[in-house]
$ cat final_20.cif   # mmCIF, C-alpha atoms
data_model
loop_
_atom_site.label_atom_id
_atom_site.label_comp_id
_atom_site.auth_asym_id
_atom_site.auth_seq_id
_atom_site.Cartn_x
_atom_site.Cartn_y
_atom_site.Cartn_z
CA MET A 20 25.25 4.36 -7.85
CA ASP A 21 25.21 0.89 -6.27
CA PHE A 22 21.82 -0.80 -6.26
CA ASN A 23 23.04 -4.15 -4.98
CA LEU A 24 21.16 -5.08 -1.82
CA THR A 25 23.14 -4.96 1.39
CA SER A 26 23.56 -8.17 3.36
CA ALA A 27 20.93 -6.94 5.83
CA GLN A 28 18.47 -6.18 3.03
CA GLN A 29 19.07 -9.55 1.39
CA MET A 30 18.54 -11.27 4.73
CA LEU A 31 15.25 -9.39 5.08
CA VAL A 32 14.15 -10.51 1.60
CA ASN A 33 15.09 -14.11 2.38
CA THR A 34 13.16 -14.03 5.66
CA VAL A 35 10.00 -12.74 4.01
CA ARG A 36 10.36 -15.09 1.03
CA ASP A 37 10.72 -18.07 3.36
CA TYR A 38 7.67 -17.03 5.39
CA VAL A 39 5.63 -16.53 2.23
CA SER A 40 6.57 -19.98 0.95
CA LYS A 41 5.86 -21.81 4.20
CA THR A 42 2.88 -19.92 5.59
CA ILE A 43 1.15 -17.56 3.16
CA GLU A 44 1.10 -19.44 -0.14
CA PRO A 45 -0.33 -22.70 1.33
CA ILE A 46 -3.44 -20.86 2.56
CA ALA A 47 -3.86 -18.48 -0.40
CA MET A 48 -6.96 -20.19 -1.81
CA GLN A 49 -8.49 -20.45 1.67
CA VAL A 50 -7.98 -16.73 2.29
CA GLU A 51 -9.52 -15.94 -1.10
CA SER A 52 -12.62 -18.10 -0.60
CA GLU A 53 -13.22 -17.12 3.04
CA ASN A 54 -12.19 -13.46 2.63
CA HIS A 55 -10.29 -13.81 5.88
CA ILE A 56 -6.65 -14.00 6.96
CA PRO A 57 -6.14 -16.04 10.14
CA PRO A 58 -5.27 -13.62 12.99
CA ALA A 59 -2.38 -15.89 13.98
CA VAL A 60 -0.72 -15.17 10.63
CA LEU A 61 -0.92 -11.41 11.13
CA ARG A 62 0.46 -11.83 14.66
CA GLU A 63 3.40 -13.81 13.31
CA MET A 64 4.05 -11.15 10.69
CA GLY A 65 4.11 -8.58 13.47
CA GLU A 66 6.54 -10.66 15.52
CA LEU A 67 8.81 -10.95 12.49
CA GLY A 68 8.84 -7.17 12.19
CA PHE A 69 7.00 -6.85 8.87
CA PHE A 70 4.85 -3.95 10.17
CA GLY A 71 7.80 -1.93 11.44
CA ILE A 72 10.34 -2.04 8.63
CA PRO A 73 10.73 1.76 8.07
CA ILE A 74 10.17 2.72 11.73
CA ALA A 75 13.11 3.61 13.98
CA GLU A 76 14.24 0.99 16.49
CA GLN A 77 13.46 3.29 19.40
CA TYR A 78 9.78 3.03 18.42
CA GLY A 79 9.81 -0.74 17.94
CA GLY A 80 10.72 -0.87 14.25
CA LEU A 81 13.62 -2.28 12.25
CA ASP A 82 14.84 1.08 10.88
CA ALA A 83 15.31 -0.42 7.40
CA GLY A 84 13.97 2.60 5.54
CA LEU A 85 11.42 2.93 2.79
CA LEU A 86 13.48 0.67 0.54
CA GLY A 87 13.35 -2.07 3.17
CA HIS A 88 9.58 -1.61 3.40
CA CYS A 89 9.32 -1.91 -0.40
CA LEU A 90 11.36 -5.12 -0.39
CA VAL A 91 8.92 -6.67 2.09
CA ILE A 92 5.85 -5.45 0.20
CA GLU A 93 7.27 -6.83 -3.06
CA GLN A 94 7.63 -10.32 -1.60
CA LEU A 95 4.22 -10.32 0.08
CA ALA A 96 2.41 -9.03 -3.00
CA GLY A 97 3.68 -11.92 -5.05
CA ALA A 98 1.83 -14.32 -2.77
CA ASN A 99 -1.36 -12.39 -2.08
CA ALA A 100 -2.14 -8.70 -2.51
CA ALA A 101 -4.24 -8.66 0.67
CA TYR A 102 -1.18 -8.89 2.93
CA ALA A 103 0.57 -6.05 1.13
CA ASN A 104 -2.64 -4.01 1.34
CA ILE A 105 -2.94 -4.49 5.11
CA ILE A 106 0.67 -3.55 5.80
CA GLY A 107 0.50 -0.75 3.25
CA ALA A 108 -2.43 0.89 5.04
CA SER A 109 -1.08 0.32 8.54
CA THR A 110 2.62 1.02 8.02
CA GLY A 111 2.77 2.91 4.73
CA LEU A 112 -0.02 5.30 5.70
CA ALA A 113 -0.91 5.46 9.41
CA SER A 114 2.52 4.79 10.93
CA THR A 115 4.23 6.92 8.30
CA ALA A 116 1.99 9.91 9.01
CA ILE A 117 2.65 9.64 12.75
CA ASN A 118 6.36 9.13 12.16
CA LEU A 119 6.57 12.18 9.89
CA ALA A 120 4.45 14.62 11.87
CA GLY A 121 4.10 13.32 15.40
CA SER A 122 5.75 14.75 18.48
CA GLU A 123 8.14 12.56 20.43
CA ALA A 124 5.35 11.78 22.90
CA GLN A 125 2.96 10.84 20.08
CA LYS A 126 5.52 8.56 18.46
CA GLN A 127 6.16 6.84 21.78
CA ARG A 128 2.42 6.54 22.35
CA TRP A 129 1.33 5.02 19.04
CA LEU A 130 4.22 3.69 16.97
CA PRO A 131 5.44 0.71 19.07
CA ALA A 132 2.09 -1.11 18.91
CA LEU A 133 1.73 -0.35 15.20
CA ALA A 134 5.32 -1.34 14.39
CA GLY A 135 4.87 -4.63 16.24
CA GLY A 136 1.61 -5.45 14.51
CA GLU A 137 -0.20 -5.52 17.86
CA LYS A 138 -2.49 -2.83 16.51
CA LEU A 139 -3.47 -2.02 12.93
CA GLY A 140 -3.57 1.46 11.50
CA GLY A 141 -5.86 3.22 9.06
CA PHE A 142 -5.75 6.45 7.07
CA ALA A 143 -9.04 8.30 6.66
CA LEU A 144 -8.76 10.99 4.01
CA THR A 145 -11.17 10.04 1.22
CA GLU A 146 -14.86 10.87 1.52
CA PRO A 147 -17.82 9.61 -0.55
CA HIS A 148 -17.35 12.48 -3.02
CA GLY A 149 -13.56 12.01 -3.26
CA ALA A 150 -10.34 13.13 -1.59
CA GLU A 151 -10.16 16.78 -2.66
CA MET A 152 -8.53 18.59 0.24
CA SER A 153 -10.36 21.85 -0.40
CA ASN A 154 -13.73 20.12 -0.23
CA LEU A 155 -13.54 17.90 2.87
CA GLY A 156 -16.84 17.60 4.72
CA THR A 157 -15.43 16.14 7.92
CA VAL A 158 -15.03 18.93 10.49
CA ALA A 159 -13.09 19.26 13.75
CA GLU A 160 -14.18 22.08 16.06
CA LYS A 161 -12.52 23.34 19.21
CA ASP A 162 -14.20 21.84 22.27
CA GLY A 163 -12.69 23.14 25.49
CA ASP A 164 -9.04 22.12 25.50
CA GLY A 165 -9.65 19.52 22.79
CA TYR A 166 -11.69 18.95 19.65
CA LYS A 167 -15.04 17.58 18.53
CA LEU A 168 -14.99 15.58 15.29
CA ASN A 169 -17.94 15.07 12.93
CA GLY A 170 -18.01 13.55 9.47
CA ARG A 171 -17.84 10.50 7.27
CA LYS A 172 -14.94 8.80 5.48
CA ALA A 173 -15.14 6.25 2.66
CA TRP A 174 -13.13 3.26 1.40
CA VAL A 175 -10.79 3.31 4.38
CA SER A 176 -8.34 0.41 4.04
CA ASN A 177 -8.24 -1.59 7.30
CA GLY A 178 -11.29 0.43 8.36
CA PRO A 179 -13.17 -2.48 10.00
CA VAL A 180 -10.09 -3.72 11.87
CA ALA A 181 -8.06 -0.56 12.48
CA ASP A 182 -7.22 0.34 16.07
CA THR A 183 -5.47 3.64 15.33
CA VAL A 184 -6.72 5.87 12.50
CA VAL A 185 -5.24 9.10 11.16
CA VAL A 186 -8.24 11.26 10.22
CA PHE A 187 -8.15 14.44 8.15
CA ALA A 188 -10.72 17.13 8.90
CA ARG A 189 -11.43 20.75 8.18
CA THR A 190 -10.53 23.17 10.97
CA GLY A 191 -11.53 26.72 10.11
CA ASP A 192 -9.90 27.57 6.80
CA GLY A 193 -7.37 24.75 6.93
CA ILE A 194 -7.04 20.98 7.16
CA SER A 195 -5.67 19.21 10.21
CA ALA A 196 -4.81 15.60 11.03
CA TYR A 197 -5.99 13.78 14.14
CA VAL A 198 -5.33 10.35 15.59
CA VAL A 199 -8.55 8.57 16.55
CA GLU A 200 -8.50 5.32 18.49
CA LYS A 201 -10.96 2.47 18.26
CA GLY A 202 -13.61 2.58 20.95
CA CYS A 203 -13.99 6.36 21.15
CA PRO A 204 -17.65 7.27 21.82
CA GLY A 205 -19.26 8.40 18.59
CA TYR A 206 -16.77 6.58 16.36
CA ARG A 207 -18.43 3.90 14.25
CA CYS A 208 -17.40 1.62 11.39
CA GLY A 209 -19.80 1.02 8.51
CA GLU A 210 -20.40 -2.25 6.69
CA ILE A 211 -17.41 -3.98 5.14
CA ASP A 212 -17.12 -3.01 1.47
CA SER A 213 -17.88 -5.78 -1.03
CA ARG A 214 -14.93 -5.56 -3.39
CA MET A 215 -13.85 -7.05 -6.69
CA GLY A 216 -10.53 -8.23 -5.23
CA LEU A 217 -8.09 -7.96 -2.33
CA HIS A 218 -10.03 -10.63 -0.46
CA GLY A 219 -8.65 -11.13 3.02
CA SER A 220 -8.19 -7.41 3.57
CA TYR A 221 -11.01 -4.99 4.26
CA SER A 222 -12.19 -1.45 3.73
CA SER A 223 -15.26 0.41 4.96
CA GLU A 224 -16.78 3.76 5.70
CA LEU A 225 -16.03 5.38 9.06
CA TYR A 226 -18.46 7.67 10.88
CA PHE A 227 -17.62 10.32 13.47
CA ASN A 228 -20.50 11.73 15.52
CA ASP A 229 -19.34 14.27 18.10
CA VAL A 230 -16.15 12.30 18.74
CA LYS A 231 -14.27 14.11 21.50
CA LEU A 232 -10.50 14.22 21.12
CA ALA A 233 -7.88 15.51 23.52
CA ALA A 234 -5.53 18.27 22.39
CA ASP A 235 -2.68 15.78 22.05
CA ASN A 236 -4.64 13.81 19.45
CA LEU A 237 -3.88 16.60 16.98
CA LEU A 238 -1.05 15.32 14.77
CA GLY A 239 1.53 17.99 14.09
CA GLN A 240 0.19 21.54 14.11
CA ALA A 241 -3.29 22.78 13.30
CA GLY A 242 -3.58 23.52 9.59
CA GLN A 243 -0.77 21.13 8.59
CA GLY A 244 -3.08 18.35 7.42
CA SER A 245 -2.53 18.89 3.71
CA GLN A 246 1.24 18.77 4.08
CA ILE A 247 1.05 15.65 6.27
CA ALA A 248 -1.23 13.88 3.80
CA THR A 249 0.92 14.80 0.80
CA ALA A 250 4.20 13.73 2.42
CA THR A 251 2.64 10.44 3.54
CA LEU A 252 1.06 9.67 0.17
CA ASP A 253 4.30 10.38 -1.69
CA ARG A 254 5.96 7.59 0.28
CA TYR A 255 2.96 5.30 0.10
CA ARG A 256 2.90 5.47 -3.70
CA ILE A 257 6.38 3.97 -3.84
CA GLY A 258 5.07 1.08 -1.76
CA LEU A 259 2.15 0.65 -4.17
CA ALA A 260 4.61 0.48 -7.04
CA ALA A 261 6.58 -2.18 -5.15
CA GLN A 262 3.35 -4.11 -4.69
CA ALA A 263 2.79 -4.02 -8.44
CA VAL A 264 6.33 -5.24 -9.11
CA GLY A 265 5.97 -8.16 -6.71
CA ALA A 266 2.65 -9.26 -8.15
CA ALA A 267 3.92 -8.96 -11.73
CA ASP A 268 7.09 -10.91 -10.99
CA LYS A 269 5.08 -13.81 -9.56
CA LEU A 270 2.86 -13.82 -12.66
CA LEU A 271 5.88 -13.84 -14.96
CA ARG A 272 7.43 -16.81 -13.16
CA ALA A 273 4.14 -18.69 -13.40
CA CYS A 274 3.90 -17.94 -17.12
CA ILE A 275 7.44 -19.16 -17.77
CA GLU A 276 6.79 -22.42 -15.95
CA TYR A 277 3.40 -22.98 -17.58
CA SER A 278 4.66 -22.21 -21.08
CA LYS A 279 7.40 -24.82 -20.72
CA GLN A 280 4.91 -27.48 -19.63
CA ARG A 281 1.85 -26.74 -21.78
CA GLN A 282 1.97 -28.70 -25.03
CA GLN A 283 0.33 -27.57 -28.27
CA PHE A 284 0.97 -28.91 -31.79
CA GLY A 285 3.54 -31.32 -30.44
CA GLN A 286 5.73 -28.86 -28.56
CA PRO A 287 5.72 -26.63 -25.45
CA ILE A 288 4.05 -23.30 -26.15
CA ALA A 289 7.28 -21.65 -24.94
CA GLY A 290 8.64 -22.51 -28.38
CA PHE A 291 6.17 -20.18 -30.10
CA GLN A 292 7.45 -16.71 -30.89
CA ALA A 293 4.18 -15.08 -29.82
CA ILE A 294 4.61 -16.48 -26.31
CA GLN A 295 8.29 -15.56 -26.26
CA ASN A 296 7.45 -11.98 -27.21
CA MET A 297 4.95 -11.70 -24.36
CA LEU A 298 7.42 -13.12 -21.84
CA ALA A 299 10.15 -10.76 -23.03
CA ASP A 300 7.87 -7.73 -22.78
CA MET A 301 6.74 -8.76 -19.30
CA ALA A 302 10.30 -9.25 -18.04
CA THR A 303 11.48 -5.95 -19.53
CA GLU A 304 8.67 -3.91 -18.01
CA ILE A 305 9.09 -5.55 -14.60
CA ALA A 306 12.82 -4.82 -14.57
CA MET A 307 12.24 -1.17 -15.46
CA ALA A 308 9.48 -0.80 -12.87
CA ARG A 309 11.62 -2.38 -10.15
CA ALA A 310 14.48 0.00 -10.95
CA GLY A 311 12.10 2.94 -10.65
CA VAL A 312 10.80 1.73 -7.29
CA TYR A 313 14.24 1.21 -5.81
CA PHE A 314 15.49 4.55 -7.13
CA ALA A 315 12.54 6.50 -5.69
CA ALA A 316 12.83 4.70 -2.34
CA TRP A 317 16.59 5.33 -2.27
CA LYS A 318 16.02 9.04 -2.88
CA ALA A 319 13.44 9.20 -0.09
CA ASP A 320 15.75 7.40 2.34
CA ASN A 321 18.60 9.77 1.45
CA GLY A 322 16.66 12.98 1.90
CA GLN A 323 16.43 13.88 -1.78
CA PRO A 324 13.29 15.22 -3.51
CA PHE A 325 11.33 12.20 -4.71
CA ALA A 326 7.65 13.12 -5.11
CA THR A 327 7.77 13.13 -8.92
CA ASP A 328 9.76 9.89 -8.95
CA ALA A 329 7.11 8.36 -6.69
CA ALA A 330 4.31 9.43 -9.03
CA MET A 331 6.14 8.15 -12.12
CA GLY A 332 7.02 4.89 -10.39
CA ARG A 333 3.45 4.34 -9.23
CA LEU A 334 2.07 5.20 -12.68
CA PHE A 335 4.40 2.95 -14.66
CA ALA A 336 4.45 0.00 -12.25
CA THR A 337 0.69 -0.26 -11.77
CA GLU A 338 -0.08 0.01 -15.48
CA MET A 339 2.70 -2.50 -16.14
CA LEU A 340 1.06 -4.92 -13.70
CA ASN A 341 -2.28 -4.68 -15.48
CA ARG A 342 -0.59 -5.48 -18.80
CA VAL A 343 1.32 -8.38 -17.24
CA ALA A 344 -1.83 -9.76 -15.60
CA ASP A 345 -3.70 -9.62 -18.90
CA ARG A 346 -0.89 -11.44 -20.71
CA ALA A 347 -0.78 -14.02 -17.92
CA VAL A 348 -4.44 -14.85 -18.44
CA GLN A 349 -3.81 -15.05 -22.18
CA ILE A 350 -0.82 -17.38 -21.83
CA HIS A 351 -2.73 -19.68 -19.48
CA GLY A 352 -5.69 -19.71 -21.86
CA GLY A 353 -8.96 -21.05 -20.46
CA MET A 354 -7.28 -22.08 -17.20
CA GLY A 355 -6.23 -18.49 -16.63
CA TYR A 356 -9.91 -17.56 -16.41
CA MET A 357 -10.81 -20.29 -13.92
CA LYS A 358 -11.13 -19.61 -10.19
CA GLU A 359 -9.34 -22.87 -9.41
CA LEU A 360 -6.12 -21.17 -10.54
CA TRP A 361 -4.82 -18.06 -8.78
CA ILE A 362 -4.13 -16.18 -12.03
CA GLU A 363 -7.66 -14.77 -12.22
CA ARG A 364 -7.36 -13.54 -8.61
CA ALA A 365 -4.15 -11.69 -9.44
CA TYR A 366 -5.89 -10.19 -12.49
CA ARG A 367 -8.69 -8.81 -10.28
CA ASP A 368 -6.38 -7.64 -7.53
CA ALA A 369 -4.22 -5.72 -10.01
CA ARG A 370 -7.00 -3.31 -10.96
CA MET A 371 -7.16 -1.60 -7.59
CA LEU A 372 -3.59 -0.34 -7.76
CA ARG A 373 -4.48 2.15 -10.50
CA LEU A 374 -7.10 3.68 -8.18
CA ALA A 375 -5.69 3.65 -4.65
CA GLU A 376 -4.78 6.95 -2.94
CA GLY A 377 -4.87 8.99 -6.14
CA THR A 378 -5.71 7.58 -9.55
CA ASN A 379 -3.13 7.15 -12.27
CA ASP A 380 -4.50 10.23 -14.00
CA MET A 381 -3.62 12.14 -10.84
CA MET A 382 -0.10 10.74 -11.11
CA ARG A 383 0.09 12.09 -14.65
CA LEU A 384 -0.97 15.53 -13.39
CA ILE A 385 1.73 15.48 -10.71
CA VAL A 386 4.40 14.61 -13.27
CA ALA A 387 3.12 17.11 -15.84
CA ASN A 388 2.94 19.94 -13.30
CA GLU A 389 6.54 19.30 -12.28
CA LEU A 390 7.68 19.21 -15.91
CA LEU A 391 5.92 22.47 -16.71
CA ARG A 392 7.25 24.13 -13.56
CA LEU A 393 10.80 23.18 -14.48
CA ARG A 394 10.35 24.30 -18.09
CA THR A 395 8.95 27.63 -16.88
CA LYS A 396 12.09 28.14 -14.78
CA ASP A 397 14.22 27.49 -17.86
#

$ encode --input "final_20.cif" --output "structure tokens"
Amino acid sequence: MDFNLTSAQQMLVNTVRDYVSKTIEPIAMQVESENHIPPAVLREMGELGFFGIPIAEQYGGLDAGLLGHCLVIEQLAGANAAYANIIGASTGLASTAINLAGSEAQKQRWLPALAGGEKLGGFALTEPHGAEMSNLGTVAEKDGDGYKLNGRKAWVSNGPVADTVVVFARTGDGISAYVVEKGCPGYRCGEIDSRMGLHGSYSSELYFNDVKLAADNLLGQAGQGSQIATATLDRYRIGLAAQAVGAADKLLRACIEYSKQRQQFGQPIAGFQAIQNMLADMATEIAMARAGVYFAAWKADNGQPFATDAAMGRLFATEMLNRVADRAVQIHGGMGYMKELWIERAYRDARMLRLAEGTNDMMRLIVANELLRLRTKD
């Protein structure tokens, strides 16, 4: 199995890396302090194709697959998790759900603007009490030829800025998915969530009060919502793992550089075995996590079962990142705890990845259930 990047994939990585170096990293502290990414930057990212990596060319994307998407997310996450979070919610969730379940007309209607970054997407599954499919409170009722939507969603990434939102609601005994567009009467965004990290990206509650939807706003078939959500989240989790790998790799490189410069007891701290052990552990875990991400993405792109690989990759990579971030603070000492250095931001941002779209304990359940199912077959 060849895991060398193709020339096209390497060119994609180089393009993103160059953009990160020239545009994103110079404003990182500004974005953190102002909790705002300049709209011009997001427009440029759209023009460069960052929002359409896994989407087919006929819908305005680059058709570079889930692995291509992960390569982009990995590079962006190293600079600032907010960018990866925005693209993750728009492309990894909203566009992916439409791409997986939408009719040809629906794909033509919504994907080009999302793939080009002209519009941002959101994915409204979770409610204030959680994301348990069997207990959704949001309801869609038949209303003439269309539907009437009522309910409330919580912690919706891109919620305050999303133009196109995939919403999951109960319909009779089942769950269905609907595409709701910004500006619909009865559709309202709540206050922006005040979060520990991910500054520059936003989440919020969304409210639906007798929102009328046409029949062609139903995504896929009625009652297919659970399958659409599951298939979308399986892919999204690989992207989350890629985000963890990118953030951890940036932290490792910073620790290597700092340890070679920081002097203690007449020598660089890189000469101390305790520091060397931490660096070695960080590098080893990052390499293993990256291999898991690429393998899961490769399986998804090649039509092989990958849901368990996605859960394992997400579990290992996000917990790895939290360990790496903690060691990074430790290696940088007091400076690692100061807001004037980006290390403490990365430490805060890392914590969300163990919670997003299914906690790590949920990932353990997915893996365990698959193991027990296979053992039962044996």

$ resolve_selection --input "final_20.cif" --expression "the PyMOL selection byres ((chain A and resi 183-196) around 6)" --output "list in words"
Ala113, Gly140, Gly141, Phe142, Ala143, Leu144, Thr157, Val158, Ala159, Ala181, Asp182, Tyr197, Val198, Val199, Glu200, Leu238, Ala241, Gly242, Gln243 and Gly244 of chain A

$ resolve_selection --input "final_20.cif" --expression "the PyMOL selection byres ((chain A and resi 381) around 12)" --output "list in words"
Ala150, Glu151, Arg256, Thr327, Ala330, Met331, Arg333, Leu334, Arg373, Leu374, Ala375, Glu376, Gly377, Thr378, Asn379, Asp380, Met382, Arg383, Leu384, Ile385, Val386, Ala387 and Asn388 of chain A

$ resolve_selection --input "final_20.cif" --expression "the PyMOL selection byres ((chain A and resi 162-168) around 8)" --output "number ranges by chain"
A: 157-161, 169-170, 188, 227-235

$ atom_distance --input "final_20.cif" --atom1 "CA of Asn341 (chain A)" --atom2 "CA of Glu363 (chain A)"
11.9 Å

$ closest_residue --input "final_20.cif" --among "A:Gly111, A:Gly219, A:Pro73, A:Gly355" --to "Leu86 (chain A)" --atoms "only C-alpha atoms"
A:Pro73

$ closest_residue --input "final_20.cif" --among "A:Ala101, A:Ala108, A:Ala344, A:Ala116" --to "His55 (chain A)" --atoms "only C-alpha atoms"
A:Ala101

$ residues_near_point --input "final_20.cif" --point "(-13.5, -2.9, 6.7)" --cutoff "9 Å" --atoms "all atoms listed in the file" --output "list in words"
Trp174, Val175, Ser176, Asn177, Gly178, Pro179, Val180, Ala181, Cys208, Gly209, Glu210, Ile211, Asp212, Ser220, Tyr221, Ser222, Ser223, Glu224 and Leu225 of chain A

$ residues_around --input "final_20.cif" --residues "Glu76 (chain A)" --least-positions-apart "5" --cutoff "10 Å" --atoms "all atoms listed in the file" --output "ChimeraX atom specification"
/A:71,81-83,131,134

$ atom_distance --input "final_20.cif" --atom1 "CA of Phe70 (chain A)" --atom2 "CA of Arg207 (chain A)"
24.9 Å

$ closest_residue --input "final_20.cif" --among "A:Ala98, A:Ala302, A:Leu90, A:Leu112" --to "Thr42 (chain A)" --atoms "only C-alpha atoms"
A:Ala98

$ atom_distance --input "final_20.cif" --atom1 "CA of Leu340 (chain A)" --atom2 "CA of Ala369 (chain A)"
6.5 Å

$ residues_around --input "final_20.cif" --residues "Glu63 (chain A)" --least-positions-apart "2" --cutoff "12 Å" --atoms "all atoms listed in the file" --output "short mmCIF file (atom, residue, chain, number, x, y, z; two decimals) with C-alpha atoms, keeping the file's coordinate frame"
data_model
loop_
_atom_site.label_atom_id
_atom_site.label_comp_id
_atom_site.auth_asym_id
_atom_site.auth_seq_id
_atom_site.Cartn_x
_atom_site.Cartn_y
_atom_site.Cartn_z
CA VAL A 35 10.00 -12.74 4.01
CA TYR A 38 7.67 -17.03 5.39
CA VAL A 39 5.63 -16.53 2.23
CA THR A 42 2.88 -19.92 5.59
CA ILE A 43 1.15 -17.56 3.16
CA ILE A 56 -6.65 -14.00 6.96
CA PRO A 57 -6.14 -16.04 10.14
CA PRO A 58 -5.27 -13.62 12.99
CA ALA A 59 -2.38 -15.89 13.98
CA VAL A 60 -0.72 -15.17 10.63
CA LEU A 61 -0.92 -11.41 11.13
CA GLY A 65 4.11 -8.58 13.47
CA GLU A 66 6.54 -10.66 15.52
CA LEU A 67 8.81 -10.95 12.49
CA GLY A 68 8.84 -7.17 12.19
CA PHE A 69 7.00 -6.85 8.87
CA PHE A 70 4.85 -3.95 10.17
CA GLY A 135 4.87 -4.63 16.24
CA GLY A 136 1.61 -5.45 14.51
CA GLU A 137 -0.20 -5.52 17.86
#

$ decode --input "final_20.cif" --residues "region 359-371 of chain A" --atoms "N, CA and C atoms" --output "PDB file, in the first residue's frame"
ATOM      1  N   GLU A 359       0.694  35.856  25.694  1.00  0.00           N
ATOM      2  CA  GLU A 359       1.503  36.476  24.643  1.00  0.00           C
ATOM      3  C   GLU A 359       2.125  35.435  23.716  1.00  0.00           C
ATOM      4  N   LEU A 360       2.090  34.175  24.112  1.00  0.00           N
ATOM      5  CA  LEU A 360       2.583  33.092  23.269  1.00  0.00           C
ATOM      6  C   LEU A 360       1.392  32.213  22.873  1.00  0.00           C
ATOM      7  N   TRP A 361       1.383  31.726  21.649  1.00  0.00           N
ATOM      8  CA  TRP A 361       0.227  30.998  21.131  1.00  0.00           C
ATOM      9  C   TRP A 361       0.063  29.604  21.716  1.00  0.00           C
ATOM     10  N   ILE A 362       1.024  29.125  22.479  1.00  0.00           N
ATOM     11  CA  ILE A 362       0.952  27.766  23.033  1.00  0.00           C
ATOM     12  C   ILE A 362      -0.293  27.581  23.898  1.00  0.00           C
ATOM     13  N   GLU A 363      -0.596  28.570  24.739  1.00  0.00           N
ATOM     14  CA  GLU A 363      -1.759  28.424  25.622  1.00  0.00           C
ATOM     15  C   GLU A 363      -3.061  28.413  24.817  1.00  0.00           C
ATOM     16  N   ARG A 364      -3.097  29.119  23.688  1.00  0.00           N
ATOM     17  CA  ARG A 364      -4.278  29.072  22.815  1.00  0.00           C
ATOM     18  C   ARG A 364      -4.466  27.669  22.251  1.00  0.00           C
ATOM     19  N   ALA A 365      -3.380  27.078  21.778  1.00  0.00           N
ATOM     20  CA  ALA A 365      -3.463  25.724  21.230  1.00  0.00           C
ATOM     21  C   ALA A 365      -3.909  24.728  22.299  1.00  0.00           C
ATOM     22  N   TYR A 366      -3.462  24.950  23.535  1.00  0.00           N
ATOM     23  CA  TYR A 366      -3.845  24.086  24.657  1.00  0.00           C
ATOM     24  C   TYR A 366      -5.361  24.150  24.877  1.00  0.00           C
ATOM     25  N   ARG A 367      -5.927  25.362  24.823  1.00  0.00           N
ATOM     26  CA  ARG A 367      -7.374  25.520  25.012  1.00  0.00           C
ATOM     27  C   ARG A 367      -8.157  24.962  23.825  1.00  0.00           C
ATOM     28  N   ASP A 368      -7.672  25.259  22.629  1.00  0.00           N
ATOM     29  CA  ASP A 368      -8.374  24.793  21.433  1.00  0.00           C
ATOM     30  C   ASP A 368      -8.433  23.266  21.362  1.00  0.00           C
ATOM     31  N   ALA A 369      -7.392  22.616  21.868  1.00  0.00           N
ATOM     32  CA  ALA A 369      -7.307  21.158  21.768  1.00  0.00           C
ATOM     33  C   ALA A 369      -8.450  20.458  22.496  1.00  0.00           C
ATOM     34  N   ARG A 370      -8.941  21.053  23.557  1.00  0.00           N
ATOM     35  CA  ARG A 370      -9.920  20.358  24.405  1.00  0.00           C
ATOM     36  C   ARG A 370     -11.238  20.076  23.690  1.00  0.00           C
ATOM     37  N   MET A 371     -11.614  20.946  22.777  1.00  0.00           N
ATOM     38  CA  MET A 371     -12.888  20.769  22.093  1.00  0.00           C
ATOM     39  C   MET A 371     -12.938  19.497  21.258  1.00  0.00           C
TER      40      MET A 371
END
